[in-house]
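Coordinates from final.cif are shown below (mmCIF, C-alpha atoms and all ligand atoms).
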data_run
loop_
_atom_site.label_atom_id
_atom_site.label_comp_id
_atom_site.auth_asym_id
_atom_site.auth_seq_id
_atom_site.Cartn_x
_atom_site.Cartn_y
_atom_site.Cartn_z
CA MET A 1 69.93 41.95 -60.18
CA ALA A 2 73.25 41.53 -58.43
CA ARG A 3 73.15 41.37 -54.69
CA GLY A 4 73.73 44.71 -53.10
CA ALA A 5 73.02 46.64 -56.24
CA GLN A 6 70.28 49.12 -55.49
CA ILE A 7 68.52 51.34 -57.92
CA LYS A 8 68.47 54.87 -56.70
CA PHE A 9 65.13 56.33 -57.45
CA ALA A 10 65.02 59.96 -58.11
CA VAL A 11 61.53 60.63 -56.85
CA GLU A 12 60.55 64.11 -56.04
CA ASP A 13 59.22 64.46 -52.49
CA SER A 14 56.40 66.81 -53.41
CA TRP A 15 55.19 64.53 -56.22
CA LEU A 16 55.24 61.49 -53.92
CA ARG A 17 53.38 63.35 -51.15
CA ASN A 18 50.77 64.45 -53.61
CA GLU A 19 50.26 60.98 -55.10
CA TYR A 20 50.47 59.02 -51.91
CA ILE A 21 48.89 61.29 -49.31
CA THR A 22 46.58 63.59 -51.21
CA LYS A 23 45.41 61.25 -53.96
CA ARG A 24 45.77 58.19 -51.67
CA ARG A 25 47.06 56.01 -54.47
CA ARG A 26 47.70 52.39 -53.64
CA ASN A 27 51.17 51.05 -52.89
CA SER A 28 50.90 48.60 -55.75
CA ASP A 29 49.76 51.34 -58.07
CA LEU A 30 52.87 53.42 -57.32
CA CYS A 31 55.13 50.37 -57.57
CA ALA A 32 53.80 49.83 -61.06
CA GLU A 33 54.35 53.43 -62.06
CA LEU A 34 57.86 53.62 -60.62
CA GLY A 35 58.76 50.13 -61.79
CA CYS A 36 59.98 49.12 -58.36
CA SER A 37 59.23 46.41 -55.84
CA MET A 38 57.12 46.87 -52.71
CA PRO A 39 60.13 46.90 -50.31
CA THR A 40 61.78 49.54 -52.47
CA LEU A 41 58.66 51.70 -52.40
CA LEU A 42 58.41 51.39 -48.64
CA ARG A 43 62.06 52.39 -48.34
CA ILE A 44 61.51 55.44 -50.53
CA LEU A 45 58.44 56.42 -48.50
CA LYS A 46 60.37 56.15 -45.23
CA ARG A 47 63.24 58.15 -46.66
CA THR A 48 60.80 60.85 -47.70
CA GLY A 49 59.32 60.88 -44.19
CA ILE A 50 55.95 59.42 -45.26
CA GLU A 51 54.34 56.78 -43.06
CA PRO A 52 53.51 53.89 -45.42
CA ARG A 53 49.96 52.60 -45.32
CA ASP A 54 49.05 48.97 -45.25
CA ASP A 55 46.44 49.23 -47.94
CA ARG A 56 46.05 45.56 -48.77
CA ASN A 57 42.54 45.64 -47.33
CA ALA A 58 41.95 49.35 -47.22
CA ALA A 59 39.00 50.89 -48.89
CA VAL A 60 40.81 52.89 -51.48
CA HIS A 61 39.01 53.08 -54.76
CA HIS A 62 40.52 54.96 -57.62
CA GLY A 63 42.53 57.00 -55.20
CA ARG A 64 39.66 58.30 -53.07
CA ARG A 65 37.01 57.06 -50.76
CA VAL A 66 33.35 57.21 -51.50
CA ARG A 67 31.85 60.23 -49.83
CA PHE A 68 28.52 60.08 -48.08
CA ASP A 69 26.94 61.28 -44.89
CA LEU A 70 28.39 58.75 -42.47
CA GLU A 71 26.74 60.38 -39.48
CA LYS A 72 23.32 60.11 -41.06
CA ALA A 73 23.99 56.52 -42.07
CA ALA A 74 25.00 55.67 -38.49
CA LYS A 75 21.88 57.35 -37.12
CA LEU A 76 19.60 55.45 -39.50
CA TYR A 77 21.43 52.21 -38.78
CA VAL A 78 21.48 52.48 -35.00
CA ASP A 79 18.43 54.56 -34.07
CA ASN A 80 16.04 53.63 -36.85
CA GLU A 81 17.39 50.10 -37.28
CA TRP A 82 17.47 50.43 -41.03
CA ASN A 83 19.56 47.83 -42.80
CA ALA A 84 22.58 48.73 -44.88
CA GLU A 85 20.77 48.08 -48.16
CA ARG A 86 18.04 50.56 -47.37
CA ILE A 87 20.53 53.18 -46.19
CA GLY A 88 22.61 52.56 -49.28
CA GLU A 89 19.60 53.12 -51.52
CA LEU A 90 18.83 56.41 -49.79
CA LEU A 91 22.40 57.71 -49.85
CA GLY A 92 23.34 56.34 -53.25
CA VAL A 93 26.12 54.11 -51.93
CA ASN A 94 26.30 50.39 -52.05
CA ALA A 95 25.43 48.42 -48.93
CA SER A 96 28.85 46.86 -48.41
CA THR A 97 30.44 50.31 -48.35
CA ILE A 98 27.91 51.47 -45.77
CA LEU A 99 28.65 48.46 -43.59
CA ARG A 100 32.41 48.76 -43.93
CA ARG A 101 32.45 52.44 -43.05
CA LEU A 102 30.08 51.94 -40.12
CA ARG A 103 32.28 49.15 -38.82
CA GLU A 104 35.40 51.30 -39.23
CA SER A 105 33.80 54.10 -37.25
CA GLY A 106 33.06 51.74 -34.39
CA VAL A 107 29.36 51.00 -34.96
CA MET A 108 28.38 47.50 -33.88
CA ILE A 109 27.19 45.69 -36.96
CA ARG A 110 24.07 43.59 -36.46
CA HIS A 111 23.90 40.07 -37.77
CA HIS A 112 21.59 40.10 -40.77
CA ASN A 113 19.19 37.76 -38.95
CA ASP A 114 18.72 40.37 -36.24
CA THR A 115 17.74 42.89 -38.86
CA LYS A 116 15.36 40.61 -40.68
CA ARG A 117 13.85 38.78 -37.76
CA GLY A 118 10.24 39.66 -37.27
CA LYS A 119 10.36 42.62 -39.60
CA PRO A 120 8.97 42.82 -43.05
CA ASN A 121 11.59 42.32 -45.68
CA HIS A 122 11.03 44.38 -48.79
CA ARG A 123 12.40 41.57 -50.93
CA ARG A 124 10.04 39.00 -49.48
CA ILE A 125 7.52 37.47 -51.83
CA ASP A 126 4.09 37.03 -50.30
CA LEU A 127 1.44 35.12 -52.16
CA ASP A 128 -2.26 35.59 -51.58
CA PRO A 129 -2.90 32.87 -48.97
CA GLN A 130 -6.52 32.38 -50.04
CA LEU A 131 -5.51 31.89 -53.66
CA VAL A 132 -2.85 29.37 -52.67
CA ALA A 133 -5.34 27.53 -50.43
CA LEU A 134 -7.84 27.41 -53.27
CA GLU A 135 -5.30 25.96 -55.70
CA TYR A 136 -4.13 23.45 -53.12
CA ALA A 137 -7.67 22.24 -52.49
CA LYS A 138 -7.91 21.14 -56.11
CA GLN A 139 -7.45 17.47 -56.74
CA ASP A 140 -3.88 16.32 -57.53
CA ALA A 141 -2.46 19.65 -56.38
CA ASP A 142 0.54 19.28 -54.12
CA ILE A 143 3.28 21.58 -52.85
CA LYS A 144 5.46 20.78 -55.83
CA SER A 145 2.79 21.69 -58.33
CA LEU A 146 2.11 24.96 -56.47
CA MET A 147 5.83 25.79 -56.48
CA ALA A 148 5.84 25.37 -60.24
CA MET A 149 2.58 27.26 -60.69
CA PHE A 150 3.65 30.33 -58.67
CA GLY A 151 7.34 30.06 -59.49
CA VAL A 152 8.36 30.26 -55.84
CA THR A 153 10.19 28.17 -53.27
CA LYS A 154 8.64 25.69 -50.86
CA SER A 155 9.06 28.04 -47.88
CA ILE A 156 6.92 30.70 -49.59
CA ILE A 157 4.16 28.17 -50.22
CA ARG A 158 4.44 27.01 -46.60
CA ARG A 159 4.12 30.60 -45.36
CA ALA A 160 0.96 31.08 -47.41
CA PHE A 161 -0.36 27.82 -45.93
CA ASP A 162 0.33 29.10 -42.42
CA ALA A 163 -1.44 32.37 -43.17
CA ALA A 164 -4.50 30.61 -44.58
CA GLY A 165 -4.45 27.83 -41.96
CA VAL A 166 -4.12 25.15 -44.61
CA GLU A 167 -3.46 21.62 -43.42
CA THR A 168 -1.04 19.78 -45.65
CA LYS A 169 -2.41 16.70 -47.37
CA LYS A 170 -1.31 13.43 -45.88
CA ARG A 171 0.18 11.18 -48.46
CA ASP A 172 -1.68 7.90 -48.49
CA ARG A 173 0.99 5.25 -47.88
CA ASP A 174 -1.25 2.48 -46.62
CA GLY A 175 -1.34 -0.97 -48.14
CA ALA A 176 -0.65 -1.13 -51.83
CA LYS A 177 0.45 2.52 -51.91
CA ASN A 178 3.38 1.76 -49.63
CA PRO A 179 6.68 1.23 -51.49
CA ASN A 180 7.27 -1.92 -49.41
CA TRP A 181 4.01 -3.53 -50.51
CA ARG A 182 4.44 -7.16 -51.59
CA PRO A 183 1.88 -7.97 -54.28
CA ASP A 184 2.78 -11.68 -54.17
CA LEU A 185 1.30 -12.26 -50.69
CA THR A 186 -2.24 -13.35 -49.91
CA ALA A 187 -4.38 -11.67 -47.25
CA GLU A 188 -3.85 -14.65 -44.92
CA GLU A 189 -0.09 -14.49 -45.32
CA ARG A 190 -0.20 -10.79 -44.56
CA ALA A 191 -2.17 -11.38 -41.36
CA LEU A 192 0.35 -14.04 -40.30
CA ARG A 193 3.31 -11.79 -40.98
CA ARG A 194 1.74 -8.96 -39.05
CA ASP A 195 1.17 -11.34 -36.16
CA SER A 196 4.64 -12.84 -36.26
CA ALA A 197 6.27 -9.42 -36.25
CA LYS A 198 4.32 -8.53 -33.10
CA GLN A 199 5.17 -11.86 -31.50
CA THR A 200 8.89 -11.42 -32.20
CA LYS A 201 8.79 -8.05 -30.51
CA TRP A 202 6.87 -9.52 -27.56
CA ARG A 203 9.32 -12.42 -27.16
CA ILE A 204 12.32 -10.10 -27.08
CA GLN A 205 10.63 -7.87 -24.50
CA VAL A 206 10.00 -10.91 -22.27
CA TYR A 207 13.57 -12.23 -22.65
CA GLU A 208 15.06 -8.84 -21.89
CA ARG A 209 12.96 -8.34 -18.78
CA ASP A 210 13.95 -11.83 -17.53
CA GLY A 211 17.63 -11.38 -18.34
CA TYR A 212 17.58 -14.18 -20.96
CA LYS A 213 17.24 -16.78 -18.19
CA CYS A 214 14.76 -19.56 -17.53
CA GLN A 215 12.62 -18.29 -14.68
CA ARG A 216 12.23 -21.79 -13.28
CA CYS A 217 15.59 -23.54 -13.37
CA GLY A 218 17.82 -20.56 -14.10
CA ASP A 219 19.18 -22.03 -17.33
CA ALA A 220 20.72 -19.25 -19.38
CA GLN A 221 22.03 -21.23 -22.32
CA GLY A 222 21.68 -19.36 -25.54
CA GLY A 223 19.30 -20.78 -28.11
CA ASN A 224 17.24 -22.96 -25.75
CA LEU A 225 14.86 -20.34 -24.44
CA ASN A 226 11.14 -19.99 -25.06
CA ALA A 227 8.75 -17.22 -24.17
CA HIS A 228 5.76 -18.89 -22.56
CA HIS A 229 2.33 -17.27 -22.48
CA VAL A 230 1.15 -17.08 -18.87
CA GLU A 231 -2.50 -17.03 -19.96
CA ALA A 232 -3.06 -19.65 -22.64
CA HIS A 233 -2.40 -18.06 -26.01
CA CYS A 234 -5.56 -19.36 -27.66
CA GLN A 235 -7.83 -18.03 -24.92
CA ASN A 236 -6.37 -14.64 -24.16
CA THR A 237 -6.07 -12.81 -27.44
CA LYS A 238 -6.22 -9.40 -25.75
CA ASP A 239 -2.96 -9.75 -23.80
CA ARG A 240 -1.20 -11.79 -26.43
CA ASN A 241 1.36 -9.08 -27.07
CA ASP A 242 1.65 -7.81 -23.51
CA PRO A 243 5.06 -8.67 -21.97
CA ASP A 244 3.33 -9.01 -18.58
CA ASN A 245 1.60 -12.05 -20.03
CA GLY A 246 4.92 -13.74 -20.78
CA ILE A 247 7.70 -15.54 -18.94
CA THR A 248 11.06 -16.86 -20.08
CA LEU A 249 11.47 -20.63 -19.76
CA CYS A 250 14.06 -23.02 -21.13
CA VAL A 251 12.84 -25.61 -23.66
CA GLU A 252 12.86 -28.40 -21.06
CA CYS A 253 10.86 -26.50 -18.46
CA HIS A 254 8.46 -25.20 -21.08
CA ARG A 255 7.72 -28.75 -22.25
CA GLY A 256 7.38 -29.81 -18.63
CA PHE A 257 4.79 -27.15 -17.96
CA HIS A 258 2.64 -28.15 -20.91
CA ARG A 259 2.98 -31.85 -20.04
CA ALA A 260 1.59 -31.02 -16.61
CA TYR A 261 -1.08 -28.47 -17.55
CA GLY A 262 -1.94 -29.20 -21.17
CA LEU A 263 -2.15 -26.79 -24.03
CA ARG A 264 -5.15 -24.78 -22.89
CA GLY A 265 -7.03 -23.72 -19.84
CA PHE A 266 -3.99 -22.68 -17.77
CA GLY A 267 -3.18 -19.28 -16.36
CA ARG A 268 -1.33 -17.27 -13.77
CA LYS A 269 -2.49 -19.47 -10.91
CA GLN A 270 -1.15 -22.68 -12.49
CA LEU A 271 2.16 -21.05 -13.32
CA ALA A 272 2.66 -19.80 -9.76
CA GLU A 273 1.82 -23.25 -8.39
CA TRP A 274 4.22 -24.95 -10.79
CA LEU A 275 7.09 -22.57 -9.94
CA GLU A 276 6.42 -22.94 -6.23
CA ASN A 277 6.54 -26.76 -6.50
CA TYR A 278 9.93 -26.55 -8.15
CA ARG A 279 11.24 -24.23 -5.44
CA THR A 280 10.11 -26.39 -2.52
CA LYS A 281 11.38 -29.55 -4.22
CA ASN A 282 14.84 -28.02 -4.69
CA ALA A 283 14.94 -26.47 -1.23
CA ALA A 284 14.30 -29.89 0.33
ZN ZN A 301 14.16 -24.28 -17.22
#
Reformat the file's structure so that it appears as structure tokens.
Ligand SMILES: [Zn+2]
Amino acid sequence: MARGAQIKFAVEDSWLRNEYITKRRRNSDLCAELGCSMPTLLRILKRTGIEPRDDRNAAVHHGRRVRFDLEKAAKLYVDNEWNAERIGELLGVNASTILRRLRESGVMIRHHNDTKRGKPNHRRIDLDPQLVALEYAKQDADIKSLMAMFGVTKSIIRRAFDAAGVETKKRDRDGAKNPNWRPDLTAEERALRRDSAKQTKWRIQVYERDGYKCQRCGDAQGGNLNAHHVEAHCQNTKDRNDPDNGITLCVECHRGFHRAYGLRGFGRKQLAEWLENYRTKNAA
């Protein structure tokens, strides 16, 4: 269409008023009938003295709104705390319409959780807790098998458990049932590994407490530290993994201690004496 060329629509005022105001037909609907664009329609409406509606989101269905007792709906919603679905069922209107119209008339809409919380939900499936407990007690029964048996979700099974006070079965993951189980190891090797894991943890705890520094000479070189057992390792099995029974020494000092006190029969007293000797010798 050439610029400036405007189609003059011969639209009768009374017809337009009837269609637009009385029948509440949509803008787009009228555009289609008149074969004009939206701006043109708006111009025609203005010219006719009709205030155009913005009906992009308006609730206009087939030219008229659904009629129902809005006051009653509001009363049920606010005073009786019914939800929109229940009101809709009573009044023969769908729930979204109820909610929209309540919102339009200024009613505060509750979040659906507020409506459902703590109140029975008519859609909720409740299983007989005793029956569920009985099935669960059977050997090999687990939550999955119950879900399949009753055709419900896990949360419904869990709710039945809660009602019947059922304790869920602990899956046995010890030893060979653990996915990390190594079948190639012997019992002795397993004991050693268990021990070495504990000892690694103990060593790190001792180093950290002592700031990764030899507690005798102050050497803090990386890679030359040992964690020494204050009470001889072979004699004190009880405190073997207690960080209080450890001290950080450098390799040299550690060797020195064992040269002086041997490999067994030493303890806290000997360590204190040995450290004190070093201090007095270096102070002199
Ligand atoms: Zn040292």
In Å, how far is it from atom CA of Asn27 of chain A to atom CA of Thr40 of chain A? 10.7 Å
Residues within 7 Å of ligand ZN 301 (chain A), counting only C-alpha atoms and all ligand atoms, as number ranges by chain: A: 214-219, 249-254
Measure the distance from atom CA of Arg159 of chain A to atom CA of Ala133 of chain A in Å and round it to one decimal.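 Atom CA of Ala133 of chain A lies 11.2 Å from atom CA of Arg159 of chain A.
Between atom CA of Trp274 of chain A and atom CA of His229 of chain A the separation is 14.1 Å.
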Non-local contacts of Leu91 of chain A (12 Å; only C-alpha atoms; under 6 positions in same chain excluded) as a VMD selection string: chain A and resid 66 to 74 76 84 to 85 97 to 98
Non-local contacts of segment 12-15 of chain A (12 Å; all atoms listed in the file; under 6 positions in same chain excluded) as number ranges by chain: A: 21-23, 25, 30, 34, 44-50
Excluding segment 165-172 of chain A and residues on its chain fewer than 4 positions from it, collect all residues at most 8 Å away from it, counting all atoms listed in the file, and give them as number ranges by chain. A: 133, 142, 161, 177
Distance criterion (only C-alpha atoms): nearest to Leu263 of chain A out of A:Gln235, A:Thr200, A:Asn94, A:Ser145: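 Closest to Leu263 of chain A of all the choices is A:Gln235.
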Taking only C-alpha atoms into account, name the residue in A:Asp29, A:Thr186, A:Arg193, A:Leu99 that is nearest to His111 of chain A.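 That would be A:Leu99, the residue with the smallest distance to His111 of chain A.
Nearest to Trp202 of chain A of all the residues A:Met108, A:Ile247, A:Ile87, A:Leu134 is A:Ile247, based on all atoms listed in the file.
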Which residue out of A:Lys201, A:Arg17, A:Arg209, A:Arg264 has the minimum interatomic distance to Glu231 of chain A when only C-alpha atoms are used?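 Result for the nearest residue to Glu231 of chain A: A:Arg264.
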Write only N, CA and C atoms for segment 78-98 of chain A from the block just shown, as a PDB file, in the first residue's frame.
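Here's the written file out-v1.pdb:
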ATOM      1  N   VAL A  78     -12.237 -16.893  50.814  1.00  0.00           N
ATOM      2  CA  VAL A  78     -11.630 -16.152  51.923  1.00  0.00           C
ATOM      3  C   VAL A  78     -12.065 -16.703  53.275  1.00  0.00           C
ATOM      4  N   ASP A  79     -13.400 -16.786  53.491  1.00  0.00           N
ATOM      5  CA  ASP A  79     -13.881 -17.181  54.818  1.00  0.00           C
ATOM      6  C   ASP A  79     -13.731 -18.671  55.086  1.00  0.00           C
ATOM      7  N   ASN A  80     -14.086 -19.476  54.088  1.00  0.00           N
ATOM      8  CA  ASN A  80     -14.066 -20.921  54.311  1.00  0.00           C
ATOM      9  C   ASN A  80     -12.759 -21.578  53.862  1.00  0.00           C
ATOM     10  N   GLU A  81     -11.874 -20.751  53.282  1.00  0.00           N
ATOM     11  CA  GLU A  81     -10.577 -21.228  52.810  1.00  0.00           C
ATOM     12  C   GLU A  81     -10.679 -22.423  51.863  1.00  0.00           C
ATOM     13  N   TRP A  82     -11.734 -22.406  51.052  1.00  0.00           N
ATOM     14  CA  TRP A  82     -11.809 -23.434  50.017  1.00  0.00           C
ATOM     15  C   TRP A  82     -10.774 -23.104  48.954  1.00  0.00           C
ATOM     16  N   ASN A  83     -10.306 -24.109  48.229  1.00  0.00           N
ATOM     17  CA  ASN A  83      -9.423 -23.772  47.111  1.00  0.00           C
ATOM     18  C   ASN A  83     -10.255 -23.602  45.837  1.00  0.00           C
ATOM     19  N   ALA A  84      -9.599 -23.012  44.845  1.00  0.00           N
ATOM     20  CA  ALA A  84     -10.315 -22.650  43.621  1.00  0.00           C
ATOM     21  C   ALA A  84     -10.929 -23.862  42.938  1.00  0.00           C
ATOM     22  N   GLU A  85     -10.258 -25.004  43.029  1.00  0.00           N
ATOM     23  CA  GLU A  85     -10.789 -26.209  42.377  1.00  0.00           C
ATOM     24  C   GLU A  85     -12.132 -26.618  42.964  1.00  0.00           C
ATOM     25  N   ARG A  86     -12.181 -26.571  44.303  1.00  0.00           N
ATOM     26  CA  ARG A  86     -13.399 -26.975  44.982  1.00  0.00           C
ATOM     27  C   ARG A  86     -14.536 -25.988  44.676  1.00  0.00           C
ATOM     28  N   ILE A  87     -14.203 -24.709  44.687  1.00  0.00           N
ATOM     29  CA  ILE A  87     -15.212 -23.692  44.372  1.00  0.00           C
ATOM     30  C   ILE A  87     -15.697 -23.869  42.934  1.00  0.00           C
ATOM     31  N   GLY A  88     -14.730 -24.119  42.056  1.00  0.00           N
ATOM     32  CA  GLY A  88     -15.053 -24.312  40.650  1.00  0.00           C
ATOM     33  C   GLY A  88     -15.998 -25.478  40.440  1.00  0.00           C
ATOM     34  N   GLU A  89     -15.749 -26.568  41.188  1.00  0.00           N
ATOM     35  CA  GLU A  89     -16.620 -27.738  41.074  1.00  0.00           C
ATOM     36  C   GLU A  89     -18.041 -27.407  41.498  1.00  0.00           C
ATOM     37  N   LEU A  90     -18.147 -26.635  42.588  1.00  0.00           N
ATOM     38  CA  LEU A  90     -19.461 -26.274  43.117  1.00  0.00           C
ATOM     39  C   LEU A  90     -20.224 -25.355  42.157  1.00  0.00           C
ATOM     40  N   LEU A  91     -19.484 -24.375  41.597  1.00  0.00           N
ATOM     41  CA  LEU A  91     -20.150 -23.359  40.778  1.00  0.00           C
ATOM     42  C   LEU A  91     -20.145 -23.692  39.283  1.00  0.00           C
ATOM     43  N   GLY A  92     -19.527 -24.799  38.930  1.00  0.00           N
ATOM     44  CA  GLY A  92     -19.522 -25.212  37.528  1.00  0.00           C
ATOM     45  C   GLY A  92     -18.649 -24.334  36.641  1.00  0.00           C
ATOM     46  N   VAL A  93     -17.565 -23.843  37.211  1.00  0.00           N
ATOM     47  CA  VAL A  93     -16.622 -23.001  36.463  1.00  0.00           C
ATOM     48  C   VAL A  93     -15.237 -23.587  36.678  1.00  0.00           C
ATOM     49  N   ASN A  94     -14.362 -23.409  35.687  1.00  0.00           N
ATOM     50  CA  ASN A  94     -13.063 -24.012  35.967  1.00  0.00           C
ATOM     51  C   ASN A  94     -12.236 -23.162  36.916  1.00  0.00           C
ATOM     52  N   ALA A  95     -11.278 -23.840  37.582  1.00  0.00           N
ATOM     53  CA  ALA A  95     -10.551 -23.234  38.701  1.00  0.00           C
ATOM     54  C   ALA A  95      -9.769 -21.998  38.277  1.00  0.00           C
ATOM     55  N   SER A  96      -9.204 -22.024  37.059  1.00  0.00           N
ATOM     56  CA  SER A  96      -8.384 -20.879  36.662  1.00  0.00           C
ATOM     57  C   SER A  96      -9.237 -19.632  36.487  1.00  0.00           C
ATOM     58  N   THR A  97     -10.492 -19.833  36.036  1.00  0.00           N
ATOM     59  CA  THR A  97     -11.415 -18.705  35.910  1.00  0.00           C
ATOM     60  C   THR A  97     -11.731 -18.128  37.281  1.00  0.00           C
ATOM     61  N   ILE A  98     -12.013 -19.023  38.222  1.00  0.00           N
ATOM     62  CA  ILE A  98     -12.293 -18.574  39.592  1.00  0.00           C
ATOM     63  C   ILE A  98     -11.134 -17.719  40.103  1.00  0.00           C
TER      64      ILE A  98
END
